[in-house]
Amino acid sequence: MTTSVVLLLGVNVGGRRVVRSQTLRQVATDAGFTDPRTHLASGNLVAGTGDASPAEVSARIRSGLLDALGLDVHAVTLSATRIAGIVTANPYPEAARDDPAHLLVLVGTEEIDAEGVARLVAEHPGRERATVVDGVLYVTYPDGIGRSRLTSAVLARAASTALTARNWTTITRLAEMAGRLPG
């Protein structure tokens, strides 16, 4: 039995595109997944997904949300092994230790354009740092996320794909829930 982590894009922000945790768990159950668990109310799901590929898991969750709520919500699915690798590959261990709320991990619905992100970072005058490692974008926001010019929209344009972001605390909790938090 494969355990997967599903991250929804653009839900429960500002009271729009609301997907309640209970609904997300029910959609996962209806899709044939086992032991669905959610974390926070921001579109995070961990479930047993059998032998379904990440793309198939995402498609089944997306279809289920469309049927249940009439919302077309993109989802990114990571295997338990993949999320453990994301934790291990973190290029900013000091930010993870000292300021985990201001370290974001962004994953795309398609492959991230690492060169596009590198060009953006080279031209950006702020103190933020951004690095793509193994297809995942890590960004530190030492002066806070809300004031930064490296918004999700700016990063998505540079990455040439839609992105969903989670802070470091959430990523490590999801890895733990998936049973794959590196020691």
# chains A, B, ... in the order shown; residues from 1 in each chain; ligands from 1
>>> residues_around(residues="segment 152-161 of chain A", least_positions_apart="2", cutoff="6 Å", atoms="only C-alpha atoms", output="PyMOL selection string")
chain A and resi 108+110+112-113+116-117+150+163
>>> residues_around(residues="Gly50 of chain A", least_positions_apart="3", cutoff="10 Å", atoms="only C-alpha atoms", output="list of chain:residue names")
A:Met1, A:Thr2, A:Thr3, A:Ser4, A:Gly32, A:Phe33, A:Thr34, A:Ala47, A:Ser53, A:Val57
>>> residues_around(residues="Ile86 of chain A", least_positions_apart="3", cutoff="9 Å", atoms="only C-alpha atoms", output="PDB file with C-alpha atoms, in the first residue's frame")
ATOM      1  CA  THR A  81       9.176   8.666  -0.366  1.00  0.00           C
ATOM      2  CA  ARG A  82       9.075  11.894  -2.397  1.00  0.00           C
ATOM      3  CA  ILE A  83       8.036  14.068   0.547  1.00  0.00           C
ATOM      4  CA  ALA A  89      17.081  17.891   0.201  1.00  0.00           C
ATOM      5  CA  ASN A  90      16.285  21.196   1.955  1.00  0.00           C
ATOM      6  CA  VAL A 105       8.377  24.643  -0.225  1.00  0.00           C
ATOM      7  CA  VAL A 133      16.408  21.152  -5.866  1.00  0.00           C
ATOM      8  CA  ASP A 134      15.159  17.973  -7.532  1.00  0.00           C
ATOM      9  CA  VAL A 136      11.085  21.506  -5.862  1.00  0.00           C
ATOM     10  CA  ILE A 171       5.887  19.918   5.076  1.00  0.00           C
TER      11      ILE A 171
END
>>> residues_around(residues="Thr38 of chain A", least_positions_apart="6", cutoff="12 Å", atoms="only C-alpha atoms", output="PyMOL selection string")
chain A and resi 4-8+19-28+44-47+170+173-174+177-178
>>> closest_residue(among="A:Ser63, A:Thr151, A:Ser42, A:Thr109", to="Ala130 of chain A", atoms="only C-alpha atoms")
A:Thr151
>>> select_by_dssp(residues="segment 14-117 of chain A", states="strand (DSSP E or B)", output="list of chain:residue names")
A:Arg16, A:Thr34, A:Asp35, A:Pro36, A:Arg37, A:Thr38, A:Asn44, A:Leu45, A:Val46, A:Ala47, A:Gly48, A:Thr49, A:Gly50, A:Ala75, A:Val76, A:Thr77, A:Leu78, A:Ser79, A:Leu103, A:Leu104, A:Val105, A:Leu106, A:Val107, A:Gly108
>>> select_by_dssp(residues="segment 10-106 of chain A", states="helix (DSSP H, G or I)", output="number ranges by chain")
A: 21-30, 54-69, 80-88, 93-98, 100-102
>>> residues_around(residues="Thr140 of chain A", least_positions_apart="5", cutoff="10 Å", atoms="only C-alpha atoms", output="number ranges by chain")
A: 92, 95-96, 99-105, 127-131, 145, 167-168
>>> closest_residue(among="A:Ser79, A:Pro142, A:Glu111, A:Pro125", to="Glu94 of chain A", atoms="only C-alpha atoms")
A:Pro142
>>> residues_around(residues="Leu106 of chain A", least_positions_apart="5", cutoff="8 Å", atoms="only C-alpha atoms", output="PyMOL selection string")
chain A and resi 136-139+163-166
>>> decode(residues="segment 164-180 of chain A", atoms="N, CA and C atoms", output="PDB file, in the first residue's frame")
ATOM      1  N   THR A 164       1.976  25.298  -5.715  1.00  0.00           N
ATOM      2  CA  THR A 164       1.331  25.337  -4.414  1.00  0.00           C
ATOM      3  C   THR A 164       2.431  25.341  -3.365  1.00  0.00           C
ATOM      4  N   ALA A 165       2.232  26.140  -2.331  1.00  0.00           N
ATOM      5  CA  ALA A 165       3.272  26.344  -1.318  1.00  0.00           C
ATOM      6  C   ALA A 165       2.795  25.870   0.048  1.00  0.00           C
ATOM      7  N   ARG A 166       3.743  25.330   0.806  1.00  0.00           N
ATOM      8  CA  ARG A 166       3.505  24.987   2.202  1.00  0.00           C
ATOM      9  C   ARG A 166       4.736  25.418   2.979  1.00  0.00           C
ATOM     10  N   ASN A 167       4.524  25.881   4.211  1.00  0.00           N
ATOM     11  CA  ASN A 167       5.690  26.247   5.003  1.00  0.00           C
ATOM     12  C   ASN A 167       6.362  24.991   5.540  1.00  0.00           C
ATOM     13  N   TRP A 168       7.564  25.178   6.064  1.00  0.00           N
ATOM     14  CA  TRP A 168       8.380  24.049   6.481  1.00  0.00           C
ATOM     15  C   TRP A 168       7.705  23.217   7.573  1.00  0.00           C
ATOM     16  N   THR A 169       7.038  23.865   8.486  1.00  0.00           N
ATOM     17  CA  THR A 169       6.356  23.149   9.558  1.00  0.00           C
ATOM     18  C   THR A 169       5.301  22.205   8.982  1.00  0.00           C
ATOM     19  N   THR A 170       4.555  22.673   8.015  1.00  0.00           N
ATOM     20  CA  THR A 170       3.529  21.841   7.384  1.00  0.00           C
ATOM     21  C   THR A 170       4.165  20.694   6.604  1.00  0.00           C
ATOM     22  N   ILE A 171       5.219  20.972   5.859  1.00  0.00           N
ATOM     23  CA  ILE A 171       5.887  19.918   5.076  1.00  0.00           C
ATOM     24  C   ILE A 171       6.391  18.804   5.990  1.00  0.00           C
ATOM     25  N   THR A 172       7.033  19.173   7.091  1.00  0.00           N
ATOM     26  CA  THR A 172       7.566  18.130   7.971  1.00  0.00           C
ATOM     27  C   THR A 172       6.440  17.369   8.661  1.00  0.00           C
ATOM     28  N   ARG A 173       5.343  18.046   8.978  1.00  0.00           N
ATOM     29  CA  ARG A 173       4.205  17.351   9.582  1.00  0.00           C
ATOM     30  C   ARG A 173       3.581  16.375   8.590  1.00  0.00           C
ATOM     31  N   LEU A 174       3.456  16.761   7.331  1.00  0.00           N
ATOM     32  CA  LEU A 174       2.913  15.863   6.319  1.00  0.00           C
ATOM     33  C   LEU A 174       3.827  14.659   6.099  1.00  0.00           C
ATOM     34  N   ALA A 175       5.139  14.884   6.111  1.00  0.00           N
ATOM     35  CA  ALA A 175       6.083  13.772   5.990  1.00  0.00           C
ATOM     36  C   ALA A 175       5.934  12.820   7.179  1.00  0.00           C
ATOM     37  N   GLU A 176       5.752  13.393   8.346  1.00  0.00           N
ATOM     38  CA  GLU A 176       5.528  12.579   9.544  1.00  0.00           C
ATOM     39  C   GLU A 176       4.232  11.777   9.422  1.00  0.00           C
ATOM     40  N   MET A 177       3.171  12.427   8.995  1.00  0.00           N
ATOM     41  CA  MET A 177       1.879  11.743   8.822  1.00  0.00           C
ATOM     42  C   MET A 177       1.982  10.617   7.790  1.00  0.00           C
ATOM     43  N   ALA A 178       2.808  10.817   6.780  1.00  0.00           N
ATOM     44  CA  ALA A 178       2.993   9.795   5.749  1.00  0.00           C
ATOM     45  C   ALA A 178       3.932   8.677   6.231  1.00  0.00           C
ATOM     46  N   GLY A 179       4.470   8.868   7.426  1.00  0.00           N
ATOM     47  CA  GLY A 179       5.343   7.848   7.999  1.00  0.00           C
ATOM     48  C   GLY A 179       6.737   7.851   7.452  1.00  0.00           C
ATOM     49  N   ARG A 180       7.150   8.978   6.880  1.00  0.00           N
ATOM     50  CA  ARG A 180       8.451   9.009   6.214  1.00  0.00           C
ATOM     51  C   ARG A 180       9.304  10.197   6.622  1.00  0.00           C
TER      52      ARG A 180
END
